[in-house]
$ cat start.txt   # compact mmCIF, C-alpha atoms
# COMPACT_ATOMS: atom_id res chain seq x y z
CA MET A 347 -26.25 9.03 17.50
CA ASP A 348 -23.17 11.16 16.85
CA HIS A 349 -21.48 8.79 14.43
CA LEU A 350 -18.25 10.79 14.22
CA ALA A 351 -17.83 10.87 18.01
CA ARG A 352 -18.52 7.13 18.16
CA ALA A 353 -16.01 6.53 15.37
CA ARG A 354 -13.31 8.30 17.35
CA GLU A 355 -14.16 6.23 20.43
CA LEU A 356 -13.85 3.03 18.41
CA LEU A 357 -10.53 4.08 16.91
CA ALA A 358 -9.16 4.82 20.37
CA VAL A 359 -9.59 1.11 21.16
CA HIS A 360 -9.15 -0.42 17.69
CA PRO A 361 -6.95 2.00 15.75
CA VAL A 362 -6.30 1.79 12.02
CA VAL A 363 -3.48 -0.33 10.71
CA ASP A 364 -2.98 1.33 7.33
CA GLY A 365 -1.40 -0.82 4.64
CA HIS A 366 0.39 1.82 2.59
CA ASN A 367 1.79 5.33 3.08
CA ASP A 368 4.41 6.83 0.75
CA LEU A 369 5.83 9.42 3.16
CA PRO A 370 9.42 8.10 2.75
CA TRP A 371 9.36 8.71 -1.01
CA ALA A 372 7.79 12.15 -0.53
CA LEU A 373 10.62 13.02 1.87
CA ARG A 374 13.15 11.85 -0.70
CA GLU A 375 11.58 13.78 -3.56
CA GLN A 376 10.76 16.99 -1.69
CA VAL A 377 13.73 17.53 0.61
CA GLY A 378 16.31 14.80 -0.02
CA TYR A 379 15.51 13.24 3.37
CA ASP A 380 16.19 16.47 5.28
CA LEU A 381 13.89 15.82 8.24
CA ASP A 382 14.39 19.33 9.58
CA ALA A 383 12.91 20.69 6.36
CA ARG A 384 9.88 18.38 6.72
CA ASP A 385 9.55 17.96 10.46
CA ILE A 386 6.44 15.83 10.82
CA ALA A 387 6.12 16.89 14.46
CA ALA A 388 4.99 20.21 12.92
CA ASP A 389 1.94 20.86 10.75
CA GLN A 390 2.75 19.81 7.18
CA ARG A 391 -0.63 20.57 5.61
CA GLY A 392 -0.21 21.77 2.05
CA LEU A 393 3.10 19.91 1.79
CA LEU A 394 2.34 16.36 2.93
CA HIS A 395 -0.71 14.26 3.70
CA THR A 396 1.04 13.00 6.81
CA ASP A 397 2.31 14.41 10.07
CA LEU A 398 2.23 13.14 13.63
CA ASN A 399 -0.67 15.24 14.86
CA ARG A 400 -2.84 14.21 11.94
CA LEU A 401 -1.92 10.54 12.39
CA ARG A 402 -3.11 10.87 15.99
CA ALA A 403 -6.27 12.71 14.94
CA GLY A 404 -6.96 9.98 12.39
CA GLY A 405 -6.75 7.19 14.93
CA VAL A 406 -3.81 5.48 13.25
CA GLY A 407 -2.20 2.84 15.46
CA GLY A 408 -0.14 0.99 12.89
CA GLN A 409 1.41 2.14 9.63
CA PHE A 410 3.14 0.20 6.90
CA TRP A 411 5.54 2.81 5.53
CA SER A 412 6.20 2.10 1.87
CA VAL A 413 9.88 1.90 0.98
CA TYR A 414 8.97 2.28 -2.69
CA VAL A 415 11.46 3.20 -5.40
CA ARG A 416 10.64 4.11 -9.02
CA THR A 417 10.78 1.35 -11.62
CA ASP A 418 13.25 3.30 -13.76
CA LEU A 419 15.69 2.53 -10.95
CA THR A 420 16.88 -0.97 -11.81
CA GLY A 421 19.55 -3.43 -10.73
CA ASP A 422 21.82 -2.32 -7.91
CA ALA A 423 20.48 1.24 -8.15
CA ALA A 424 17.04 -0.02 -7.13
CA VAL A 425 18.50 -1.95 -4.21
CA SER A 426 20.50 1.07 -3.02
CA ALA A 427 17.48 3.37 -3.25
CA THR A 428 15.39 0.86 -1.29
CA LEU A 429 18.06 0.80 1.42
CA GLU A 430 17.92 4.59 1.58
CA GLN A 431 14.15 4.40 2.00
CA ILE A 432 14.55 1.89 4.83
CA ASP A 433 17.14 4.16 6.39
CA VAL A 434 14.83 7.17 6.53
CA VAL A 435 12.08 5.12 8.18
CA GLY A 436 14.63 4.23 10.85
CA GLU A 437 15.47 7.91 11.22
CA LEU A 438 11.80 8.78 11.68
CA ILE A 439 11.35 6.15 14.38
CA ALA A 440 14.50 7.30 16.19
CA ARG A 441 13.55 10.99 15.89
CA TYR A 442 10.01 10.60 17.27
CA PRO A 443 10.24 7.82 19.88
CA THR A 444 7.24 9.00 21.91
CA HIS A 445 5.04 8.70 18.81
CA LEU A 446 6.49 5.87 16.71
CA ARG A 447 7.57 2.35 17.64
CA ARG A 448 9.47 0.00 15.35
CA ALA A 449 7.33 -3.07 14.71
CA LEU A 450 8.45 -6.37 13.23
CA THR A 451 5.79 -8.77 14.53
CA ALA A 452 2.12 -8.96 15.44
CA ASP A 453 3.15 -8.81 19.10
CA ASP A 454 4.99 -5.55 18.38
CA LEU A 455 1.76 -4.10 17.00
CA GLU A 456 -0.05 -4.99 20.21
CA LYS A 457 2.76 -3.58 22.35
CA ALA A 458 2.71 -0.30 20.44
CA ARG A 459 -1.04 -0.02 20.94
CA ALA A 460 -0.65 -0.65 24.66
CA GLU A 461 2.01 2.07 24.84
CA GLY A 462 -0.06 4.56 22.87
CA ARG A 463 2.49 4.68 20.06
CA ILE A 464 2.09 4.11 16.31
CA ALA A 465 3.53 0.76 15.25
CA SER A 466 5.82 1.42 12.29
CA LEU A 467 6.32 -1.37 9.78
CA MET A 468 7.74 -1.33 6.26
CA GLY A 469 6.63 -2.66 2.90
CA ALA A 470 8.76 -2.72 -0.26
CA GLU A 471 6.74 -1.73 -3.32
CA GLY A 472 7.92 -3.65 -6.35
CA GLY A 473 10.00 -6.76 -6.92
CA HIS A 474 12.57 -4.68 -8.81
CA SER A 475 13.81 -3.77 -5.31
CA ILE A 476 15.45 -7.20 -4.92
CA ASN A 477 17.23 -7.24 -8.30
CA ASN A 478 16.29 -10.90 -8.93
CA SER A 479 18.10 -12.00 -5.78
CA LEU A 480 16.59 -14.15 -3.03
CA GLY A 481 19.54 -13.19 -0.83
CA THR A 482 18.56 -9.55 -1.22
CA LEU A 483 14.97 -10.47 -0.38
CA ARG A 484 16.14 -12.04 2.88
CA ALA A 485 18.36 -9.04 3.63
CA LEU A 486 15.36 -6.70 3.28
CA TYR A 487 13.41 -8.89 5.70
CA ASP A 488 16.31 -8.73 8.18
CA LEU A 489 16.20 -4.93 7.88
CA GLY A 490 12.53 -4.92 8.86
CA VAL A 491 10.59 -5.13 5.59
CA ARG A 492 7.45 -7.15 6.27
CA TYR A 493 5.76 -7.18 2.88
CA MET A 494 6.82 -6.88 -0.72
CA THR A 495 4.48 -5.80 -3.50
CA LEU A 496 5.49 -8.14 -6.31
CA THR A 497 5.40 -5.41 -8.98
CA HIS A 498 4.78 -1.72 -9.27
CA ASN A 499 3.47 -0.12 -12.48
CA ASP A 500 5.78 -2.00 -14.86
CA ASN A 501 6.48 -5.66 -15.52
CA ILE A 502 9.57 -7.16 -13.95
CA ASP A 503 11.52 -10.17 -15.12
CA TRP A 504 9.42 -12.64 -13.13
CA ALA A 505 5.95 -11.05 -12.77
CA ASP A 506 3.47 -9.01 -14.80
CA SER A 507 2.09 -5.68 -13.63
CA ALA A 508 -1.57 -4.70 -13.81
CA THR A 509 -0.69 -1.56 -15.76
CA ASP A 510 1.76 -2.99 -18.30
CA LEU A 511 1.28 -5.21 -21.36
CA PRO A 512 1.10 -8.90 -20.35
CA ARG A 513 4.37 -10.71 -20.98
CA LEU A 514 4.41 -13.84 -18.81
CA GLY A 515 0.71 -14.34 -18.13
CA GLY A 516 1.42 -14.42 -14.40
CA LEU A 517 4.47 -15.52 -12.41
CA SER A 518 7.53 -17.15 -13.94
CA ALA A 519 9.14 -20.18 -12.28
CA PHE A 520 11.43 -17.79 -10.40
CA GLY A 521 8.40 -15.72 -9.41
CA HIS A 522 6.83 -18.77 -7.79
CA GLU A 523 10.11 -19.35 -5.94
CA VAL A 524 10.07 -15.74 -4.69
CA VAL A 525 6.59 -16.34 -3.24
CA ARG A 526 7.73 -19.59 -1.58
CA GLU A 527 10.77 -17.88 -0.07
CA MET A 528 8.64 -15.00 1.20
CA ASN A 529 6.42 -17.58 2.91
CA ARG A 530 9.46 -19.25 4.44
CA ILE A 531 10.91 -16.08 5.94
CA GLY A 532 7.57 -14.57 7.01
CA MET A 533 7.34 -11.69 4.53
CA LEU A 534 3.79 -10.99 3.37
CA VAL A 535 3.12 -11.33 -0.35
CA ASP A 536 1.44 -8.10 -1.49
CA LEU A 537 -0.66 -8.36 -4.66
CA SER A 538 -1.54 -4.70 -5.18
CA HIS A 539 -0.29 -3.49 -8.59
CA VAL A 540 0.05 -7.00 -10.05
CA ALA A 541 -1.75 -8.44 -13.07
CA ASP A 542 -4.69 -10.77 -12.54
CA GLY A 543 -2.62 -13.78 -13.56
CA VAL A 544 -0.06 -12.97 -10.89
CA MET A 545 -2.82 -12.65 -8.28
CA ARG A 546 -4.12 -16.11 -9.14
CA ASP A 547 -0.67 -17.71 -9.43
CA ALA A 548 0.42 -16.26 -6.08
CA LEU A 549 -2.75 -17.47 -4.37
CA ALA A 550 -2.18 -20.94 -5.80
CA THR A 551 1.43 -21.01 -4.58
CA SER A 552 1.35 -19.17 -1.26
CA THR A 553 1.03 -21.22 1.91
CA ALA A 554 0.66 -18.01 3.95
CA PRO A 555 -2.02 -15.32 3.77
CA VAL A 556 -1.47 -12.68 1.10
CA ILE A 557 -2.42 -9.03 1.27
CA PHE A 558 -3.46 -6.29 -1.10
CA SER A 559 -1.89 -3.29 0.64
CA HIS A 560 -3.82 -0.66 -1.35
CA SER A 561 -6.40 -1.96 -3.83
CA SER A 562 -10.19 -1.68 -4.07
CA ALA A 563 -13.01 -3.58 -5.82
CA ARG A 564 -13.03 -3.88 -9.60
CA ALA A 565 -16.76 -4.62 -9.62
CA VAL A 566 -17.34 -1.13 -8.18
CA CYS A 567 -14.75 0.64 -10.35
CA ASP A 568 -13.38 -1.16 -13.40
CA HIS A 569 -9.68 -0.36 -13.15
CA PRO A 570 -6.87 -2.94 -13.48
CA ARG A 571 -5.41 -1.78 -10.15
CA ASN A 572 -8.49 -3.15 -8.40
CA ILE A 573 -9.30 -6.71 -7.36
CA PRO A 574 -11.69 -8.88 -9.40
CA ASP A 575 -14.45 -10.67 -7.52
CA ASP A 576 -13.09 -14.18 -8.07
CA VAL A 577 -9.87 -13.17 -6.34
CA LEU A 578 -11.73 -11.48 -3.49
CA ALA A 579 -13.80 -14.65 -3.11
CA ALA A 580 -10.58 -16.71 -2.86
CA LEU A 581 -9.25 -14.76 0.11
CA PRO A 582 -11.10 -16.70 2.85
CA ALA A 583 -9.45 -19.98 1.81
CA ASN A 584 -6.06 -18.25 1.79
CA GLY A 585 -6.64 -16.17 4.94
CA GLY A 586 -5.55 -12.97 3.24
CA VAL A 587 -6.66 -9.35 3.59
CA ALA A 588 -7.58 -6.81 0.90
CA MET A 589 -6.99 -3.22 2.00
CA ALA A 590 -9.18 -0.67 0.22
CA THR A 591 -7.34 2.30 -1.19
CA PHE A 592 -8.50 5.91 -1.49
CA VAL A 593 -6.93 6.95 -4.83
CA PRO A 594 -9.76 8.62 -6.79
CA LYS A 595 -8.67 7.38 -10.23
CA PHE A 596 -8.87 3.80 -8.91
CA VAL A 597 -12.16 4.06 -7.01
CA LEU A 598 -14.44 6.42 -8.95
CA PRO A 599 -15.45 5.41 -12.50
CA GLU A 600 -15.84 9.03 -13.59
CA ALA A 601 -12.32 9.75 -12.36
CA VAL A 602 -10.94 6.83 -14.38
CA ALA A 603 -12.38 8.32 -17.57
CA TRP A 604 -11.26 11.83 -16.63
CA THR A 605 -7.69 10.65 -15.98
CA LEU A 606 -7.52 8.89 -19.35
CA ALA A 607 -8.69 12.08 -21.07
CA ALA A 608 -6.23 14.23 -19.12
CA ASP A 609 -3.36 11.88 -19.98
CA ARG A 610 -4.37 11.90 -23.65
CA ASN A 611 -4.39 15.70 -23.61
CA MET A 612 -0.83 15.73 -22.29
CA ARG A 613 0.32 13.35 -25.02
CA GLU A 614 -1.39 15.50 -27.65
CA HIS A 615 0.80 18.36 -26.45
CA GLY A 616 3.89 16.17 -26.85
CA LEU A 617 4.35 15.62 -23.11
CA HIS A 618 4.45 12.56 -20.85
CA HIS A 619 1.34 12.25 -18.70
CA LEU A 620 3.49 12.25 -15.53
CA ASP A 621 5.42 15.39 -16.54
CA THR A 622 5.35 17.96 -13.71
CA THR A 623 7.40 20.74 -15.29
CA PRO A 624 5.84 24.24 -15.18
CA VAL A 625 4.85 24.04 -18.86
CA ALA A 626 3.20 20.63 -18.34
CA MET A 627 1.36 21.78 -15.21
CA ARG A 628 -0.06 24.81 -17.05
CA ILE A 629 -1.42 22.51 -19.75
CA HIS A 630 -2.89 20.24 -17.09
CA GLU A 631 -4.44 23.16 -15.20
CA ASP A 632 -6.00 24.48 -18.43
CA PHE A 633 -7.52 21.04 -19.04
CA GLU A 634 -8.89 20.85 -15.50
CA ALA A 635 -10.39 24.32 -15.81
CA ALA A 636 -12.26 23.25 -18.94
CA HIS A 637 -13.09 19.77 -17.63
CA PRO A 638 -13.57 19.81 -13.82
CA ARG A 639 -12.10 16.80 -12.10
CA PRO A 640 -14.69 14.36 -10.69
CA GLU A 641 -14.44 14.14 -6.91
CA ALA A 642 -14.48 10.93 -4.91
CA THR A 643 -15.96 11.09 -1.40
CA VAL A 644 -16.01 9.08 1.80
CA ALA A 645 -19.13 7.37 0.45
CA THR A 646 -17.16 6.22 -2.62
CA ILE A 647 -14.72 4.32 -0.39
CA ALA A 648 -17.54 2.96 1.76
CA ASP A 649 -19.17 1.57 -1.39
CA HIS A 650 -15.98 -0.40 -2.11
CA LEU A 651 -15.78 -1.68 1.45
CA ASP A 652 -19.44 -2.73 1.38
CA HIS A 653 -18.76 -4.77 -1.75
CA MET A 654 -15.48 -6.23 -0.50
CA ARG A 655 -17.13 -7.32 2.74
CA ALA A 656 -19.98 -8.95 0.80
CA VAL A 657 -17.61 -10.94 -1.44
CA ALA A 658 -14.55 -11.66 0.72
CA GLY A 659 -16.12 -11.49 4.19
CA ILE A 660 -15.44 -9.20 7.10
CA ASP A 661 -12.35 -11.17 8.20
CA HIS A 662 -10.55 -10.38 4.94
CA ILE A 663 -10.68 -6.60 4.44
CA GLY A 664 -8.70 -3.63 5.68
CA ILE A 665 -7.58 -0.10 4.76
CA GLY A 666 -4.59 1.13 2.73
CA GLY A 667 -5.00 4.81 1.96
CA ASP A 668 -1.89 5.46 -0.21
CA TYR A 669 -1.39 8.87 1.35
CA ASP A 670 1.57 10.87 0.04
CA GLY A 671 1.55 8.56 -2.97
CA THR A 672 -1.29 10.26 -4.84
CA ALA A 673 -1.93 13.81 -5.97
CA PHE A 674 -5.66 13.72 -5.24
CA THR A 675 -7.67 12.35 -2.32
CA PRO A 676 -11.41 11.99 -1.66
CA ARG A 677 -13.44 14.71 0.01
CA GLY A 678 -13.51 13.88 3.71
CA LEU A 679 -10.35 11.78 3.38
CA GLU A 680 -8.02 14.58 2.40
CA ASP A 681 -5.20 13.34 4.64
CA VAL A 682 -4.40 10.84 7.40
CA ALA A 683 -6.70 12.66 9.83
CA GLY A 684 -9.72 11.52 7.81
CA TYR A 685 -10.15 7.90 8.92
CA PRO A 686 -12.83 8.76 11.54
CA ASN A 687 -14.98 10.14 8.70
CA LEU A 688 -14.85 6.76 6.97
CA ILE A 689 -15.67 4.84 10.14
CA ALA A 690 -18.58 7.23 10.81
CA GLU A 691 -19.92 6.57 7.31
CA LEU A 692 -19.73 2.81 7.89
CA LEU A 693 -21.54 3.23 11.22
CA ARG A 694 -24.29 5.07 9.34
CA ARG A 695 -24.45 2.01 7.06
CA ASN A 696 -25.03 -0.18 10.12
CA TRP A 697 -21.61 -1.81 10.28
CA SER A 698 -21.26 -3.33 13.74
CA GLU A 699 -18.55 -2.29 16.15
CA GLY A 700 -17.15 -5.83 15.95
CA ASP A 701 -16.91 -5.61 12.17
CA LEU A 702 -15.21 -2.22 12.36
CA ALA A 703 -12.65 -3.55 14.86
CA LYS A 704 -11.75 -6.27 12.35
CA LEU A 705 -11.50 -3.75 9.50
CA THR A 706 -9.24 -1.32 11.32
CA TRP A 707 -7.04 -3.45 13.58
CA GLN A 708 -7.74 -7.13 14.06
CA ASN A 709 -7.48 -8.42 10.49
CA SER A 710 -4.08 -6.83 9.90
CA VAL A 711 -2.66 -8.12 13.17
CA ARG A 712 -4.03 -11.58 12.48
CA VAL A 713 -2.62 -11.83 8.94
CA LEU A 714 0.85 -10.90 10.18
CA ARG A 715 0.61 -13.42 13.01
CA ASP A 716 -0.53 -16.14 10.62
CA ALA A 717 2.40 -15.43 8.28
CA GLU A 718 4.76 -15.73 11.24
CA ALA A 719 3.30 -19.14 12.10
CA VAL A 720 3.72 -20.37 8.51
CA ALA A 721 7.34 -19.17 8.54
CA ARG A 722 8.12 -21.10 11.72
CA ASP A 723 6.71 -24.27 10.21
CA GLU A 724 8.49 -23.88 6.90
CA GLN A 725 11.84 -22.99 8.47
CA SER A 726 11.65 -26.23 10.44
CA GLU A 727 11.37 -28.12 7.15
CA ARG A 728 13.75 -26.34 4.76
CA GLY A 729 16.52 -23.81 4.61
CA PRO A 730 17.03 -20.73 2.46
CA SER A 731 16.58 -21.01 -1.29
CA HIS A 732 19.61 -20.06 -3.39
CA ALA A 733 17.86 -20.52 -6.73
CA THR A 734 18.65 -17.96 -9.40
CA ILE A 735 16.45 -16.55 -12.11
CA THR A 736 18.74 -17.97 -14.77
CA GLU A 737 18.47 -21.48 -13.32
CA LEU A 738 14.67 -21.36 -13.14
CA ASP A 739 13.69 -19.13 -16.07
CA GLY A 740 16.65 -19.49 -18.41
CA GLU A 741 18.62 -16.72 -20.04
CA ARG A 742 16.68 -13.51 -20.50
CA PRO A 743 16.20 -12.37 -24.11

$ encode --input "start.txt" --output "structure tokens"
Amino acid sequence: MDHLARARELLAVHPVVDGHNDLPWALREQVGYDLDARDIAADQRGLLHTDLNRLRAGGVGGQFWSVYVRTDLTGDAAVSATLEQIDVVGELIARYPTHLRRALTADDLEKARAEGRIASLMGAEGGHSINNSLGTLRALYDLGVRYMTLTHNDNIDWADSATDLPRLGGLSAFGHEVVREMNRIGMLVDLSHVADGVMRDALATSTAPVIFSHSSARAVCDHPRNIPDDVLAALPANGGVAMATFVPKFVLPEAVAWTLAADRNMREHGLHHLDTTPVAMRIHEDFEAAHPRPEATVATIADHLDHMRAVAGIDHIGIGGDYDGTAFTPRGLEDVAGYPNLIAELLRRNWSEGDLAKLTWQNSVRVLRDAEAVARDEQSERGPSHATITELDGERP
């Protein structure tokens, strides 16, 4: 059997709904949102992981565009930057109407597929984007945001991050209220990036399915950005979906160790590990020349998906590549055109066509539809919450 040809046939019927793509932030950082300078109707290889032709080649039928903003943007500055991110997604949809379709609901996803267009949804990455305001949360939903990742790389006032020092041990009282309000309005609770305590607290509080928009299995690669098995095992009762990510330093144990060593080398030279100045990049390149970077492959991601299916079940997994949000990608998954390679690998591992349809399309559509149903029920029972963080958590130190 030609597994790659069969993968493309499957994706033509059951395209990928990808949980996380950072193209909007890349456009902000590279060209200040000048869409003529980064016209994704043209080939952007070498500049971006994403353009329209490669999305088509990859069999992408639905994309959650991340409207991420850095965590050093706080307060109103974070809100404004998030609005700018939302604005550029709207520009992309308006600029390429034959390719992209604005999607707000599960029905919109199905309509886009029927029209041969890519359903374009949005996810806010980090609760700092709402500036501790439930009104702002609702405003983002009204603007089309359909999930919010509760934290990014740093703790926020009401939730701990996976990659920061624990402060709360999970969600604060206000954090629980954020989850309840997200359920009420129909915004998916995204638990990528959050600390384990937040994962468990959110699962205990949420009446709607949660998602992990771009996280893999911790049992396969021991990194705090990945999902522990007890949380994966809790997804069937919640109805949620865990979307495996492709970021090498999260999925390949050797890459985790290499990244720690590379970061330590930068600090030893008096530089921040995220420094991208010419001097810093020369130091990094010298390190990589002496210590070749371990390379993740398609098989690496398939190993995570095998494990996630075994623990959570086929109805509770998906894909969230994190393209244009990572410097490195696995061999065979270099950009958004690579999804057929992953599906071909899973076919070689005897995944059924029905299971692959759930992985790529059906689970994501179902979780959004289920969240919509919960929102209808909850809106019939209660109105908007106007609780404040000060009322629920007290004065901040």

$ residues_around --input "start.txt" --residues "Pro599 (chain A)" --least-positions-apart "3" --cutoff "9 Å" --atoms "only C-alpha atoms" --output "list in words"
Val566, Cys567, Asp568, His569, Pro594, Lys595, Phe596, Val602, Ala603 and Trp604 of chain A

$ closest_residue --input "start.txt" --among "A:Arg463, A:His650, A:His539, A:Arg484" --to "Glu527 (chain A)" --atoms "all atoms listed in the file"
A:Arg484

$ atom_distance --input "start.txt" --atom1 "CA of Leu455 (chain A)" --atom2 "CA of Glu437 (chain A)"
19.1 Å

$ residues_around --input "start.txt" --residues "Gly407 (chain A)" --least-positions-apart "3" --cutoff "9 Å" --atoms "only C-alpha atoms" --output "short mmCIF file (atom, residue, chain, number, x, y, z; two decimals) with C-alpha atoms, keeping the file's coordinate frame"
data_model
loop_
_atom_site.label_atom_id
_atom_site.label_comp_id
_atom_site.auth_asym_id
_atom_site.auth_seq_id
_atom_site.Cartn_x
_atom_site.Cartn_y
_atom_site.Cartn_z
CA LEU A 357 -10.53 4.08 16.91
CA ALA A 358 -9.16 4.82 20.37
CA HIS A 360 -9.15 -0.42 17.69
CA PRO A 361 -6.95 2.00 15.75
CA VAL A 362 -6.30 1.79 12.02
CA VAL A 363 -3.48 -0.33 10.71
CA ASP A 364 -2.98 1.33 7.33
CA LEU A 401 -1.92 10.54 12.39
CA ARG A 402 -3.11 10.87 15.99
CA LEU A 455 1.76 -4.10 17.00
CA ALA A 458 2.71 -0.30 20.44
CA ARG A 459 -1.04 -0.02 20.94
CA GLY A 462 -0.06 4.56 22.87
CA ARG A 463 2.49 4.68 20.06
CA ILE A 464 2.09 4.11 16.31
CA ALA A 465 3.53 0.76 15.25
CA SER A 466 5.82 1.42 12.29
CA TRP A 707 -7.04 -3.45 13.58
#

$ atom_distance --input "start.txt" --atom1 "CA of Asp652 (chain A)" --atom2 "CA of Gln708 (chain A)"
17.8 Å

$ build_atoms --input "start.txt" --residues "region 509-527 of chain A" --atoms "N, CA, C and O atoms" --output "compact mmCIF listing (two decimals), in the coordinates of the input"
# COMPACT_ATOMS: atom_id res chain seq x y z
N THR A 509 -0.64 -2.74 -14.89
CA THR A 509 -0.69 -1.56 -15.76
C THR A 509 0.38 -1.60 -16.85
O THR A 509 0.80 -0.57 -17.35
N ASP A 510 0.82 -2.80 -17.21
CA ASP A 510 1.76 -2.99 -18.30
C ASP A 510 1.18 -4.04 -19.24
O ASP A 510 0.20 -4.72 -18.91
N LEU A 511 1.75 -4.19 -20.42
CA LEU A 511 1.28 -5.21 -21.36
C LEU A 511 1.68 -6.59 -20.86
O LEU A 511 2.83 -6.80 -20.47
N PRO A 512 0.76 -7.55 -20.86
CA PRO A 512 1.10 -8.90 -20.35
C PRO A 512 2.28 -9.49 -21.11
O PRO A 512 2.36 -9.40 -22.34
N ARG A 513 3.19 -10.09 -20.36
CA ARG A 513 4.37 -10.71 -20.98
C ARG A 513 4.48 -12.18 -20.59
O ARG A 513 4.73 -13.04 -21.42
N LEU A 514 4.27 -12.47 -19.31
CA LEU A 514 4.41 -13.84 -18.81
C LEU A 514 3.06 -14.54 -18.64
O LEU A 514 3.00 -15.76 -18.60
N GLY A 515 2.01 -13.77 -18.45
CA GLY A 515 0.71 -14.34 -18.13
C GLY A 515 0.53 -14.61 -16.66
O GLY A 515 -0.48 -15.19 -16.24
N GLY A 516 1.48 -14.19 -15.85
CA GLY A 516 1.42 -14.42 -14.40
C GLY A 516 2.81 -14.39 -13.82
O GLY A 516 3.61 -13.49 -14.10
N LEU A 517 3.14 -15.39 -13.00
CA LEU A 517 4.47 -15.52 -12.41
C LEU A 517 5.31 -16.49 -13.24
O LEU A 517 4.82 -17.51 -13.72
N SER A 518 6.59 -16.18 -13.37
CA SER A 518 7.53 -17.15 -13.94
C SER A 518 7.88 -18.19 -12.88
O SER A 518 7.47 -18.09 -11.71
N ALA A 519 8.68 -19.18 -13.26
CA ALA A 519 9.14 -20.18 -12.28
C ALA A 519 9.89 -19.50 -11.14
O ALA A 519 9.70 -19.84 -9.96
N PHE A 520 10.72 -18.51 -11.45
CA PHE A 520 11.43 -17.79 -10.40
C PHE A 520 10.45 -17.00 -9.55
O PHE A 520 10.62 -16.89 -8.33
N GLY A 521 9.42 -16.45 -10.17
CA GLY A 521 8.40 -15.72 -9.41
C GLY A 521 7.73 -16.60 -8.38
O GLY A 521 7.49 -16.18 -7.23
N HIS A 522 7.40 -17.83 -8.76
CA HIS A 522 6.83 -18.77 -7.79
C HIS A 522 7.82 -19.03 -6.65
O HIS A 522 7.42 -19.13 -5.48
N GLU A 523 9.11 -19.12 -6.98
CA GLU A 523 10.11 -19.35 -5.94
C GLU A 523 10.23 -18.15 -5.00
O GLU A 523 10.44 -18.31 -3.80
N VAL A 524 10.08 -16.94 -5.54
CA VAL A 524 10.07 -15.74 -4.69
C VAL A 524 8.93 -15.84 -3.68
O VAL A 524 9.12 -15.57 -2.48
N VAL A 525 7.74 -16.21 -4.14
CA VAL A 525 6.59 -16.34 -3.24
C VAL A 525 6.88 -17.38 -2.17
O VAL A 525 6.62 -17.16 -0.98
N ARG A 526 7.43 -18.54 -2.56
CA ARG A 526 7.73 -19.59 -1.58
C ARG A 526 8.75 -19.11 -0.55
O ARG A 526 8.62 -19.40 0.65
N GLU A 527 9.76 -18.36 -1.01
CA GLU A 527 10.77 -17.88 -0.07
C GLU A 527 10.20 -16.80 0.85
O GLU A 527 10.56 -16.73 2.04
